[in-house]
Amino acid sequence: MRQVIVAGNWKMNASKETVNTLVMGILAGMADVKSKVIVCAPAPYMSQVEALITHSQLNLGAQDLNVNASGAFTGEVSADMIKDFGAQYVIVGHSERRSLYGETDDVVAHKVQVALDNGLTPLFCIGETLDERESGNMENVVSLQIQAVIDLVGIEAFKNIIIAYEPVWAIGTGVTATPQQAQDAHAFIRSMLAQNNADIAQTCSILYGGSMNPGNATELLGCEDIDGGLIGGASLKSDDFLQICKAG
Ligand code: PGA
């Protein structure tokens with residue numbers, strides 16, 4: 001049985017004050033949450049979150065990492081820096097990184113590898129654009145995204161990878177994939193993993209992301225192959241986020 005995982009992706013939304021209110025609000029409602037809960041904070045706030053979540057069930061993640069260990073990479077954040085703040089997770093290959101910062105499947109695969117090499121669990125994001133879906137290419141796009149990682153780190157490494165299927169057309173748009181669309185994509189992803197290793201396919205967590213909210217979470221999380229959610233907008237309000245955490 002795969003444990004439900006709910007991860008909040010705050011993106012570039014935070015201030016010291018809002019981080020305090022948000023994390024305290026989440027912590028106040030965690031007692032009856034059975035899912036594993038992760039918050040992925042912007043780098044400048046990781047220290048603040050680390051201090052707030054000490055001795056709680058809440059887990060910390062980062063939103064991206066650089067593949068280099070250290071050096072002249074202005075503005076970048078390394079795996080060691082992420083771990084320095086007690087984070088165990090890092091989002092890799094979010095569609096915003098792919099589309100706005102030119103991260104190719106190969107770049108993303110390299111980042112997955114570096115995260116794993118450093119003992120971080122990547123939240124490895126995949127998903128198709130609207131054009132790709134409408135032209136019947138969803139499976140092809142998602143396959144290539146996954147295959148790039150399998151080619152670099154091998155299927156066994158998926159023991160330590162969390163996949164997040166996030167159709168680009170559903171991210172931040174308020175348009176959610178229907179439970180059937182999401183389930184079909186997740187089943188396809190799992191079947192692709194199974195072609196490589198049936199056991200890994202059964203244990204690998206595949207989260208759905210894209211306008212998940214308290215109103216649709218129960219139905220989405222009820223689908224056989226949906227093991228949790230990667231939540232953007234609705235992770236910025238503790239009540240909404242907690243409702244999603246409790247829906248799983
Ligand atoms: P959204 O974002 O929930 O605001 O659609 C999800 C994500 O980008 O991870």
# chains A, B, ... in the order shown; residues from 1 in each chain; ligands from 1

$ residues_around --residues "Ile82 of chain A" --least-positions-apart "2" --cutoff "9 Å" --atoms "only C-alpha atoms" --output "list in words"
Ala43, Met46, Gly61, Ala62, Leu65, Val77, Ser78, Ala79, Asp80, Asp84, Phe85, Gly86, Ala87, Gln88, Tyr89, Val90 and Leu120 of chain A

$ closest_atom_pairs --of "chain A" --to "ligand 1" --cutoff "8 Å" --atoms "only C-alpha atoms and all ligand atoms" --output "Markdown table"
| residue | atom | partner | partner_atom_place_in_ligand_line | distance |
| --- | --- | --- | --- | --- |
| A:Gly8 | CA | ligand 1 | 9 (O) | 7.6 |
| A:Asn9 | CA | ligand 1 | 9 (O) | 5.6 |
| A:Lys11 | CA | ligand 1 | 8 (O) | 7.8 |
| A:His94 | CA | ligand 1 | 8 (O) | 7.0 |
| A:Ser95 | CA | ligand 1 | 8 (O) | 7.3 |
| A:Glu96 | CA | ligand 1 | 8 (O) | 7.5 |
| A:Glu166 | CA | ligand 1 | 9 (O) | 6.9 |
| A:Ala170 | CA | ligand 1 | 5 (O) | 5.9 |
| A:Ile171 | CA | ligand 1 | 5 (O) | 3.4 |
| A:Gly172 | CA | ligand 1 | 5 (O) | 3.6 |
| A:Thr173 | CA | ligand 1 | 5 (O) | 6.2 |
| A:Gly174 | CA | ligand 1 | 5 (O) | 6.7 |
| A:Thr176 | CA | ligand 1 | 5 (O) | 7.9 |
| A:Gly209 | CA | ligand 1 | 6 (C) | 5.0 |
| A:Gly210 | CA | ligand 1 | 5 (O) | 3.6 |
| A:Ser211 | CA | ligand 1 | 5 (O) | 3.5 |
| A:Met212 | CA | ligand 1 | 3 (O) | 5.3 |
| A:Asn213 | CA | ligand 1 | 3 (O) | 7.3 |
| A:Leu230 | CA | ligand 1 | 9 (O) | 5.1 |
| A:Ile231 | CA | ligand 1 | 3 (O) | 4.2 |
| A:Gly232 | CA | ligand 1 | 2 (O) | 3.4 |
| A:Gly233 | CA | ligand 1 | 4 (O) | 3.8 |
| A:Ala234 | CA | ligand 1 | 3 (O) | 6.0 |
| A:Ser235 | CA | ligand 1 | 3 (O) | 7.5 |

$ write_last_selection --atoms "all heavy atoms" --output "compact mmCIF listing (two decimals), in the first residue's frame"
# COMPACT_ATOMS: atom_id res chain seq x y z
N GLY A 8 3.22 20.70 -0.88
CA GLY A 8 2.87 22.08 -1.25
C GLY A 8 4.03 22.72 -1.98
O GLY A 8 5.17 22.64 -1.52
N ASN A 9 3.74 23.31 -3.12
CA ASN A 9 4.76 24.03 -3.89
C ASN A 9 4.39 25.51 -3.81
O ASN A 9 3.50 25.97 -4.52
CB ASN A 9 4.75 23.53 -5.34
CG ASN A 9 5.66 24.34 -6.24
OD1 ASN A 9 6.47 25.14 -5.76
ND2 ASN A 9 5.52 24.14 -7.54
N LYS A 11 6.03 27.97 -4.75
CA LYS A 11 6.59 28.76 -5.86
C LYS A 11 7.21 30.04 -5.30
O LYS A 11 7.77 30.01 -4.21
CB LYS A 11 5.52 29.03 -6.93
CG LYS A 11 4.80 27.74 -7.33
CD LYS A 11 3.94 27.88 -8.54
CE LYS A 11 3.27 26.55 -8.84
NZ LYS A 11 2.50 26.55 -10.07
N HIS A 94 9.98 20.96 -12.67
CA HIS A 94 8.64 21.55 -12.72
C HIS A 94 8.42 22.18 -14.09
O HIS A 94 9.35 22.70 -14.70
CB HIS A 94 8.50 22.60 -11.61
CG HIS A 94 7.09 23.07 -11.46
ND1 HIS A 94 6.55 24.03 -12.29
CD2 HIS A 94 6.10 22.67 -10.64
CE1 HIS A 94 5.28 24.21 -11.95
NE2 HIS A 94 4.98 23.41 -10.96
N SER A 95 7.19 22.18 -14.57
CA SER A 95 6.95 22.68 -15.93
C SER A 95 7.34 24.14 -16.06
O SER A 95 7.71 24.59 -17.16
CB SER A 95 5.49 22.48 -16.33
OG SER A 95 4.68 23.42 -15.67
N GLU A 96 7.29 24.89 -14.95
CA GLU A 96 7.73 26.30 -15.04
C GLU A 96 9.24 26.37 -15.26
O GLU A 96 9.73 27.25 -15.96
CB GLU A 96 7.30 27.06 -13.77
CG GLU A 96 5.81 27.33 -13.80
CD GLU A 96 5.12 27.34 -12.44
OE1 GLU A 96 5.80 27.50 -11.42
OE2 GLU A 96 3.88 27.16 -12.42
N GLU A 166 1.91 16.40 -13.82
CA GLU A 166 1.24 17.70 -13.80
C GLU A 166 0.99 18.15 -15.24
O GLU A 166 1.89 18.71 -15.89
CB GLU A 166 2.12 18.74 -13.11
CG GLU A 166 2.45 18.41 -11.66
CD GLU A 166 2.87 19.66 -10.90
OE1 GLU A 166 3.84 20.31 -11.29
OE2 GLU A 166 2.18 19.99 -9.93
N ALA A 170 -3.21 22.36 -16.78
CA ALA A 170 -4.00 22.37 -15.54
C ALA A 170 -3.31 23.14 -14.42
O ALA A 170 -3.88 23.35 -13.36
CB ALA A 170 -4.29 20.94 -15.09
N ILE A 171 -2.06 23.57 -14.67
CA ILE A 171 -1.30 24.21 -13.59
C ILE A 171 -1.66 25.68 -13.49
O ILE A 171 -1.49 26.45 -14.43
CB ILE A 171 0.23 24.07 -13.83
CG1 ILE A 171 0.62 22.59 -13.76
CG2 ILE A 171 1.00 24.89 -12.82
CD1 ILE A 171 2.08 22.34 -14.03
N GLY A 172 -2.20 26.05 -12.33
CA GLY A 172 -2.50 27.45 -12.05
C GLY A 172 -3.63 28.01 -12.90
O GLY A 172 -3.85 29.21 -12.92
N THR A 173 -4.35 27.16 -13.59
CA THR A 173 -5.38 27.63 -14.52
C THR A 173 -6.79 27.48 -13.95
O THR A 173 -7.73 28.04 -14.49
CB THR A 173 -5.35 26.81 -15.83
OG1 THR A 173 -5.52 25.42 -15.48
CG2 THR A 173 -4.03 26.99 -16.55
N GLY A 174 -6.92 26.71 -12.89
CA GLY A 174 -8.25 26.41 -12.38
C GLY A 174 -8.91 25.28 -13.16
O GLY A 174 -9.98 24.81 -12.79
N THR A 176 -8.86 21.61 -13.89
CA THR A 176 -8.25 20.39 -13.38
C THR A 176 -8.48 19.27 -14.39
O THR A 176 -9.53 19.25 -15.05
CB THR A 176 -8.93 19.98 -12.06
OG1 THR A 176 -9.09 21.15 -11.27
CG2 THR A 176 -8.12 18.96 -11.30
N GLY A 209 -0.73 16.82 -10.01
CA GLY A 209 -0.67 18.26 -9.76
C GLY A 209 -1.34 19.03 -10.88
O GLY A 209 -1.26 18.65 -12.05
N GLY A 210 -1.99 20.12 -10.50
CA GLY A 210 -2.67 20.95 -11.49
C GLY A 210 -4.05 21.31 -10.97
O GLY A 210 -4.99 20.54 -11.13
N SER A 211 -4.12 22.48 -10.31
CA SER A 211 -5.39 23.00 -9.79
C SER A 211 -6.11 22.02 -8.86
O SER A 211 -7.34 21.97 -8.83
CB SER A 211 -6.31 23.44 -10.93
OG SER A 211 -5.68 24.48 -11.68
N MET A 212 -5.34 21.23 -8.10
CA MET A 212 -6.00 20.41 -7.08
C MET A 212 -6.40 21.33 -5.94
O MET A 212 -5.65 22.23 -5.56
CB MET A 212 -5.09 19.29 -6.56
CG MET A 212 -5.89 18.21 -5.81
SD MET A 212 -4.86 16.98 -4.96
CE MET A 212 -4.55 15.82 -6.24
N ASN A 213 -7.62 21.12 -5.43
CA ASN A 213 -8.13 21.99 -4.37
C ASN A 213 -9.04 21.18 -3.46
O ASN A 213 -9.31 20.00 -3.74
CB ASN A 213 -8.84 23.21 -5.00
CG ASN A 213 -10.01 22.79 -5.88
OD1 ASN A 213 -10.82 21.95 -5.50
ND2 ASN A 213 -10.08 23.35 -7.08
N LEU A 230 0.61 17.32 -5.77
CA LEU A 230 1.56 18.42 -5.70
C LEU A 230 0.72 19.68 -5.89
O LEU A 230 0.11 19.86 -6.96
CB LEU A 230 2.65 18.29 -6.78
CG LEU A 230 3.72 19.39 -6.80
CD1 LEU A 230 4.41 19.56 -5.45
CD2 LEU A 230 4.79 19.07 -7.85
N ILE A 231 0.66 20.49 -4.87
CA ILE A 231 -0.34 21.54 -4.78
C ILE A 231 0.33 22.90 -4.86
O ILE A 231 1.21 23.20 -4.04
CB ILE A 231 -1.10 21.47 -3.42
CG1 ILE A 231 -1.38 20.01 -2.99
CG2 ILE A 231 -2.36 22.31 -3.47
CD1 ILE A 231 -2.24 19.22 -3.93
N GLY A 232 -0.09 23.73 -5.81
CA GLY A 232 0.44 25.08 -5.91
C GLY A 232 -0.44 26.06 -5.16
O GLY A 232 -0.34 26.21 -3.94
N GLY A 233 -1.34 26.71 -5.87
CA GLY A 233 -2.17 27.77 -5.28
C GLY A 233 -2.83 27.40 -3.97
O GLY A 233 -2.79 28.19 -3.00
N ALA A 234 -3.41 26.21 -3.89
CA ALA A 234 -4.15 25.83 -2.68
C ALA A 234 -3.22 25.46 -1.52
O ALA A 234 -3.70 25.20 -0.42
CB ALA A 234 -5.10 24.66 -3.00
N SER A 235 -1.90 25.48 -1.76
CA SER A 235 -0.99 25.19 -0.64
C SER A 235 -0.63 26.45 0.12
O SER A 235 0.08 26.41 1.12
CB SER A 235 0.29 24.50 -1.13
OG SER A 235 1.13 25.42 -1.81

$ closest_residue --among "A:Ile244, A:Ala185, A:Ile91, A:Ile163" --to "Ile206 of chain A" --atoms "only C-alpha atoms"
A:Ile163

$ select_by_dssp --residues "segment 55-242 of chain A" --states "alpha helix (DSSP H)" --output "MDAnalysis selection string"
chainID A and resid 79:84 95:100 105:117 130:134 138:153 179:196 198:203 217:221 238:242

$ atom_distance --atom1 "atom CA of Asp240 of chain A" --atom2 "atom CA of Glu224 of chain A"
23.0 Å

$ atom_distance --atom1 "atom CA of Leu130 of chain A" --atom2 "atom CA of Ile150 of chain A"
25.0 Å

$ closest_residue --among "A:Leu221, A:Val49, A:Gly75, A:Ile200" --to "Gln180 of chain A" --atoms "only C-alpha atoms"
A:Leu221

$ select_by_dssp --residues "segment 95-196 of chain A" --states "strand (DSSP E or B)" --output "PDB file with N, CA and C atoms, in the first residue's frame"
ATOM      1  N   THR A 121      15.259  13.159  -1.969  1.00  0.00           N
ATOM      2  CA  THR A 121      14.222  12.510  -2.776  1.00  0.00           C
ATOM      3  C   THR A 121      13.676  13.522  -3.775  1.00  0.00           C
ATOM      4  N   PRO A 122      13.872  13.273  -5.076  1.00  0.00           N
ATOM      5  CA  PRO A 122      13.314  14.208  -6.052  1.00  0.00           C
ATOM      6  C   PRO A 122      11.806  14.026  -6.223  1.00  0.00           C
ATOM      7  N   LEU A 123      11.107  15.143  -6.288  1.00  0.00           N
ATOM      8  CA  LEU A 123       9.717  15.148  -6.731  1.00  0.00           C
ATOM      9  C   LEU A 123       9.819  15.474  -8.222  1.00  0.00           C
ATOM     10  N   PHE A 124       9.870  14.429  -9.011  1.00  0.00           N
ATOM     11  CA  PHE A 124      10.214  14.527 -10.431  1.00  0.00           C
ATOM     12  C   PHE A 124       8.951  14.816 -11.231  1.00  0.00           C
ATOM     13  N   CYS A 125       8.889  16.040 -11.812  1.00  0.00           N
ATOM     14  CA  CYS A 125       7.660  16.499 -12.473  1.00  0.00           C
ATOM     15  C   CYS A 125       7.679  16.204 -13.969  1.00  0.00           C
ATOM     16  N   ILE A 126       6.543  15.728 -14.438  1.00  0.00           N
ATOM     17  CA  ILE A 126       6.366  15.452 -15.861  1.00  0.00           C
ATOM     18  C   ILE A 126       4.969  15.929 -16.260  1.00  0.00           C
ATOM     19  N   ILE A 162       9.874  10.272  -6.326  1.00  0.00           N
ATOM     20  CA  ILE A 162       8.426  10.482  -6.345  1.00  0.00           C
ATOM     21  C   ILE A 162       8.118  11.176  -7.672  1.00  0.00           C
ATOM     22  N   ILE A 163       7.187  10.602  -8.429  1.00  0.00           N
ATOM     23  CA  ILE A 163       6.803  11.221  -9.697  1.00  0.00           C
ATOM     24  C   ILE A 163       5.613  12.152  -9.449  1.00  0.00           C
ATOM     25  N   ALA A 164       5.630  13.320 -10.089  1.00  0.00           N
ATOM     26  CA  ALA A 164       4.450  14.192 -10.056  1.00  0.00           C
ATOM     27  C   ALA A 164       3.992  14.416 -11.489  1.00  0.00           C
ATOM     28  N   TYR A 165       2.823  13.864 -11.816  1.00  0.00           N
ATOM     29  CA  TYR A 165       2.250  14.109 -13.146  1.00  0.00           C
ATOM     30  C   TYR A 165       1.442  15.401 -13.063  1.00  0.00           C
TER      31      TYR A 165
END

$ closest_residue --among "A:Val6, A:Met138, A:Ala41, A:Val33" --to "Asp64 of chain A" --atoms "only C-alpha atoms"
A:Ala41

$ closest_residue --among "A:Thr104, A:Ser238, A:Thr218, A:Gln147" --to "Pro179 of chain A" --atoms "only C-alpha atoms"
A:Thr218

$ residues_around --residues "Val149 of chain A" --least-positions-apart "5" --cutoff "10 Å" --atoms "only C-alpha atoms" --output "list in words"
Asp105, Asp106, Val107, Val108, Ala109, His110, Lys111, Val112, Gln113, Phe124, Leu144, Gly154, Ile155, Ala157 and Phe158 of chain A

$ write_last_selection --atoms "all heavy atoms" --output "mmCIF file, in the first residue's frame"
data_model
loop_
_atom_site.group_PDB
_atom_site.id
_atom_site.type_symbol
_atom_site.label_atom_id
_atom_site.label_comp_id
_atom_site.auth_asym_id
_atom_site.auth_seq_id
_atom_site.Cartn_x
_atom_site.Cartn_y
_atom_site.Cartn_z
ATOM 1 N N ASP A 105 14.656 17.598 -21.042
ATOM 2 C CA ASP A 105 14.542 16.297 -20.370
ATOM 3 C C ASP A 105 15.908 15.843 -19.843
ATOM 4 O O ASP A 105 15.998 15.239 -18.769
ATOM 5 C CB ASP A 105 13.993 15.237 -21.338
ATOM 6 C CG ASP A 105 12.515 15.459 -21.645
ATOM 7 O OD1 ASP A 105 11.875 16.284 -20.974
ATOM 8 O OD2 ASP A 105 12.013 14.794 -22.570
ATOM 9 N N ASP A 106 16.964 16.127 -20.584
ATOM 10 C CA ASP A 106 18.309 15.715 -20.145
ATOM 11 C C ASP A 106 18.767 16.501 -18.921
ATOM 12 O O ASP A 106 19.369 15.936 -18.003
ATOM 13 C CB ASP A 106 19.322 15.892 -21.286
ATOM 14 C CG ASP A 106 19.121 14.849 -22.373
ATOM 15 O OD1 ASP A 106 18.400 13.863 -22.115
ATOM 16 O OD2 ASP A 106 19.667 15.034 -23.474
ATOM 17 N N VAL A 107 18.506 17.806 -18.923
ATOM 18 C CA VAL A 107 18.867 18.631 -17.754
ATOM 19 C C VAL A 107 18.116 18.125 -16.523
ATOM 20 O O VAL A 107 18.686 17.950 -15.441
ATOM 21 C CB VAL A 107 18.529 20.129 -18.016
ATOM 22 C CG1 VAL A 107 18.601 20.944 -16.731
ATOM 23 C CG2 VAL A 107 19.464 20.699 -19.073
ATOM 24 N N VAL A 108 16.839 17.871 -16.714
ATOM 25 C CA VAL A 108 16.013 17.417 -15.585
ATOM 26 C C VAL A 108 16.528 16.065 -15.073
ATOM 27 O O VAL A 108 16.645 15.842 -13.863
ATOM 28 C CB VAL A 108 14.527 17.336 -16.011
ATOM 29 C CG1 VAL A 108 13.684 16.690 -14.923
ATOM 30 C CG2 VAL A 108 13.991 18.725 -16.348
ATOM 31 N N ALA A 109 16.864 15.180 -15.994
ATOM 32 C CA ALA A 109 17.381 13.865 -15.585
ATOM 33 C C ALA A 109 18.675 14.020 -14.788
ATOM 34 O O ALA A 109 18.874 13.347 -13.765
ATOM 35 C CB ALA A 109 17.618 12.991 -16.818
ATOM 36 N N HIS A 110 19.520 14.928 -15.221
ATOM 37 C CA HIS A 110 20.779 15.171 -14.490
ATOM 38 C C HIS A 110 20.484 15.667 -13.076
ATOM 39 O O HIS A 110 21.110 15.238 -12.094
ATOM 40 C CB HIS A 110 21.626 16.176 -15.283
ATOM 41 C CG HIS A 110 23.033 16.299 -14.814
ATOM 42 N ND1 HIS A 110 23.910 17.210 -15.317
ATOM 43 C CD2 HIS A 110 23.725 15.635 -13.847
ATOM 44 C CE1 HIS A 110 25.078 17.108 -14.707
ATOM 45 N NE2 HIS A 110 24.987 16.156 -13.804
ATOM 46 N N LYS A 111 19.513 16.563 -12.960
ATOM 47 C CA LYS A 111 19.144 17.077 -11.631
ATOM 48 C C LYS A 111 18.591 15.957 -10.739
ATOM 49 O O LYS A 111 18.877 15.912 -9.548
ATOM 50 C CB LYS A 111 18.129 18.217 -11.771
ATOM 51 C CG LYS A 111 18.734 19.484 -12.334
ATOM 52 C CD LYS A 111 17.760 20.653 -12.287
ATOM 53 C CE LYS A 111 18.519 21.931 -12.697
ATOM 54 N NZ LYS A 111 17.760 23.151 -12.406
ATOM 55 N N VAL A 112 17.797 15.068 -11.339
ATOM 56 C CA VAL A 112 17.290 13.915 -10.570
ATOM 57 C C VAL A 112 18.474 13.102 -10.052
ATOM 58 O O VAL A 112 18.521 12.707 -8.882
ATOM 59 C CB VAL A 112 16.360 13.038 -11.439
ATOM 60 C CG1 VAL A 112 16.084 11.703 -10.758
ATOM 61 C CG2 VAL A 112 15.051 13.763 -11.743
ATOM 62 N N GLN A 113 19.435 12.870 -10.927
ATOM 63 C CA GLN A 113 20.612 12.085 -10.543
ATOM 64 C C GLN A 113 21.375 12.751 -9.392
ATOM 65 O O GLN A 113 21.752 12.089 -8.414
ATOM 66 C CB GLN A 113 21.539 11.936 -11.752
ATOM 67 C CG GLN A 113 22.783 11.119 -11.483
ATOM 68 C CD GLN A 113 23.694 11.076 -12.711
ATOM 69 O OE1 GLN A 113 23.933 12.102 -13.355
ATOM 70 N NE2 GLN A 113 24.164 9.899 -13.040
ATOM 71 N N PHE A 124 9.870 14.429 -9.011
ATOM 72 C CA PHE A 124 10.214 14.527 -10.431
ATOM 73 C C PHE A 124 8.951 14.816 -11.231
ATOM 74 O O PHE A 124 8.043 13.981 -11.297
ATOM 75 C CB PHE A 124 10.890 13.210 -10.837
ATOM 76 C CG PHE A 124 10.945 12.942 -12.302
ATOM 77 C CD1 PHE A 124 11.377 13.910 -13.201
ATOM 78 C CD2 PHE A 124 10.604 11.687 -12.799
ATOM 79 C CE1 PHE A 124 11.437 13.648 -14.568
ATOM 80 C CE2 PHE A 124 10.662 11.413 -14.150
ATOM 81 C CZ PHE A 124 11.068 12.403 -15.033
ATOM 82 N N LEU A 144 8.968 10.118 -22.950
ATOM 83 C CA LEU A 144 10.317 10.653 -23.174
ATOM 84 C C LEU A 144 10.869 11.276 -21.894
ATOM 85 O O LEU A 144 12.051 11.136 -21.573
ATOM 86 C CB LEU A 144 10.299 11.701 -24.301
ATOM 87 C CG LEU A 144 10.058 11.157 -25.710
ATOM 88 C CD1 LEU A 144 9.837 12.299 -26.693
ATOM 89 C CD2 LEU A 144 11.228 10.272 -26.165
ATOM 90 N N GLY A 154 18.669 4.577 -14.091
ATOM 91 C CA GLY A 154 18.187 3.200 -14.003
ATOM 92 C C GLY A 154 16.840 3.115 -13.302
ATOM 93 O O GLY A 154 16.474 3.990 -12.514
ATOM 94 N N ILE A 155 16.123 2.063 -13.604
ATOM 95 C CA ILE A 155 14.766 1.909 -13.045
ATOM 96 C C ILE A 155 14.797 1.705 -11.532
ATOM 97 O O ILE A 155 13.905 2.154 -10.810
ATOM 98 C CB ILE A 155 13.996 0.772 -13.773
ATOM 99 C CG1 ILE A 155 12.535 0.730 -13.328
ATOM 100 C CG2 ILE A 155 14.667 -0.577 -13.569
ATOM 101 C CD1 ILE A 155 11.687 1.882 -13.773
ATOM 102 N N ALA A 157 16.414 3.137 -9.353
ATOM 103 C CA ALA A 157 16.471 4.425 -8.642
ATOM 104 C C ALA A 157 15.077 4.976 -8.357
ATOM 105 O O ALA A 157 14.906 5.828 -7.471
ATOM 106 C CB ALA A 157 17.280 5.433 -9.454
ATOM 107 N N PHE A 158 14.067 4.470 -9.081
ATOM 108 C CA PHE A 158 12.704 4.967 -8.847
ATOM 109 C C PHE A 158 12.152 4.528 -7.493
ATOM 110 O O PHE A 158 11.075 4.960 -7.098
ATOM 111 C CB PHE A 158 11.779 4.562 -10.008
ATOM 112 C CG PHE A 158 11.913 5.494 -11.187
ATOM 113 C CD1 PHE A 158 13.035 5.431 -12.017
ATOM 114 C CD2 PHE A 158 10.966 6.464 -11.445
ATOM 115 C CE1 PHE A 158 13.187 6.311 -13.086
ATOM 116 C CE2 PHE A 158 11.101 7.344 -12.511
ATOM 117 C CZ PHE A 158 12.208 7.278 -13.328
#

$ closest_residue --among "A:Val4, A:Ala217, A:Leu52, A:Ala115" --to "Val23 of chain A" --atoms "only C-alpha atoms"
A:Leu52

$ atom_distance --atom1 "atom CA of Leu60 of chain A" --atom2 "atom CA of Cys40 of chain A"
6.0 Å

$ decode --residues "segment 85-97 of chain A" --atoms "N, CA, C and O atoms" --output "CSV table (one decimal), in the first residue's frame"
chain,number,residue,atom,x,y,z
A,85,PHE,N,19.5,22.7,5.6
A,85,PHE,CA,18.3,23.2,6.3
A,85,PHE,C,17.3,22.0,6.6
A,85,PHE,O,16.1,22.3,6.9
A,86,GLY,N,17.8,20.8,6.6
A,86,GLY,CA,17.0,19.7,7.0
A,86,GLY,C,16.0,19.2,6.0
A,86,GLY,O,15.1,18.4,6.3
A,87,ALA,N,16.1,19.7,4.8
A,87,ALA,CA,15.2,19.3,3.7
A,87,ALA,C,15.6,17.9,3.2
A,87,ALA,O,16.8,17.6,3.0
A,88,GLN,N,14.6,17.1,2.9
A,88,GLN,CA,14.9,15.8,2.3
A,88,GLN,C,14.3,15.7,0.9
A,88,GLN,O,14.5,14.6,0.3
A,89,TYR,N,13.6,16.7,0.5
A,89,TYR,CA,12.9,16.6,-0.8
A,89,TYR,C,13.3,17.8,-1.7
A,89,TYR,O,13.6,18.9,-1.2
A,90,VAL,N,13.2,17.6,-3.0
A,90,VAL,CA,13.4,18.7,-3.9
A,90,VAL,C,12.6,18.5,-5.2
A,90,VAL,O,12.6,17.4,-5.7
A,91,ILE,N,11.8,19.5,-5.6
A,91,ILE,CA,11.1,19.5,-6.8
A,91,ILE,C,12.1,19.6,-8.0
A,91,ILE,O,13.0,20.4,-7.9
A,92,VAL,N,12.0,18.7,-8.9
A,92,VAL,CA,12.9,18.7,-10.1
A,92,VAL,C,12.1,18.7,-11.4
A,92,VAL,O,11.1,17.9,-11.5
A,93,GLY,N,12.4,19.6,-12.3
A,93,GLY,CA,11.7,19.6,-13.6
A,93,GLY,C,10.3,20.1,-13.6
A,93,GLY,O,9.5,19.6,-14.5
A,94,HIS,N,10.0,21.0,-12.7
A,94,HIS,CA,8.6,21.5,-12.7
A,94,HIS,C,8.4,22.2,-14.1
A,94,HIS,O,9.4,22.7,-14.7
A,95,SER,N,7.2,22.2,-14.6
A,95,SER,CA,6.9,22.7,-15.9
A,95,SER,C,7.3,24.1,-16.1
A,95,SER,O,7.7,24.6,-17.2
A,96,GLU,N,7.3,24.9,-15.0
A,96,GLU,CA,7.7,26.3,-15.0
A,96,GLU,C,9.2,26.4,-15.3
A,96,GLU,O,9.7,27.2,-16.0
A,97,ARG,N,10.0,25.5,-14.7
A,97,ARG,CA,11.4,25.4,-14.9
A,97,ARG,C,11.7,25.0,-16.4
A,97,ARG,O,12.6,25.5,-17.0
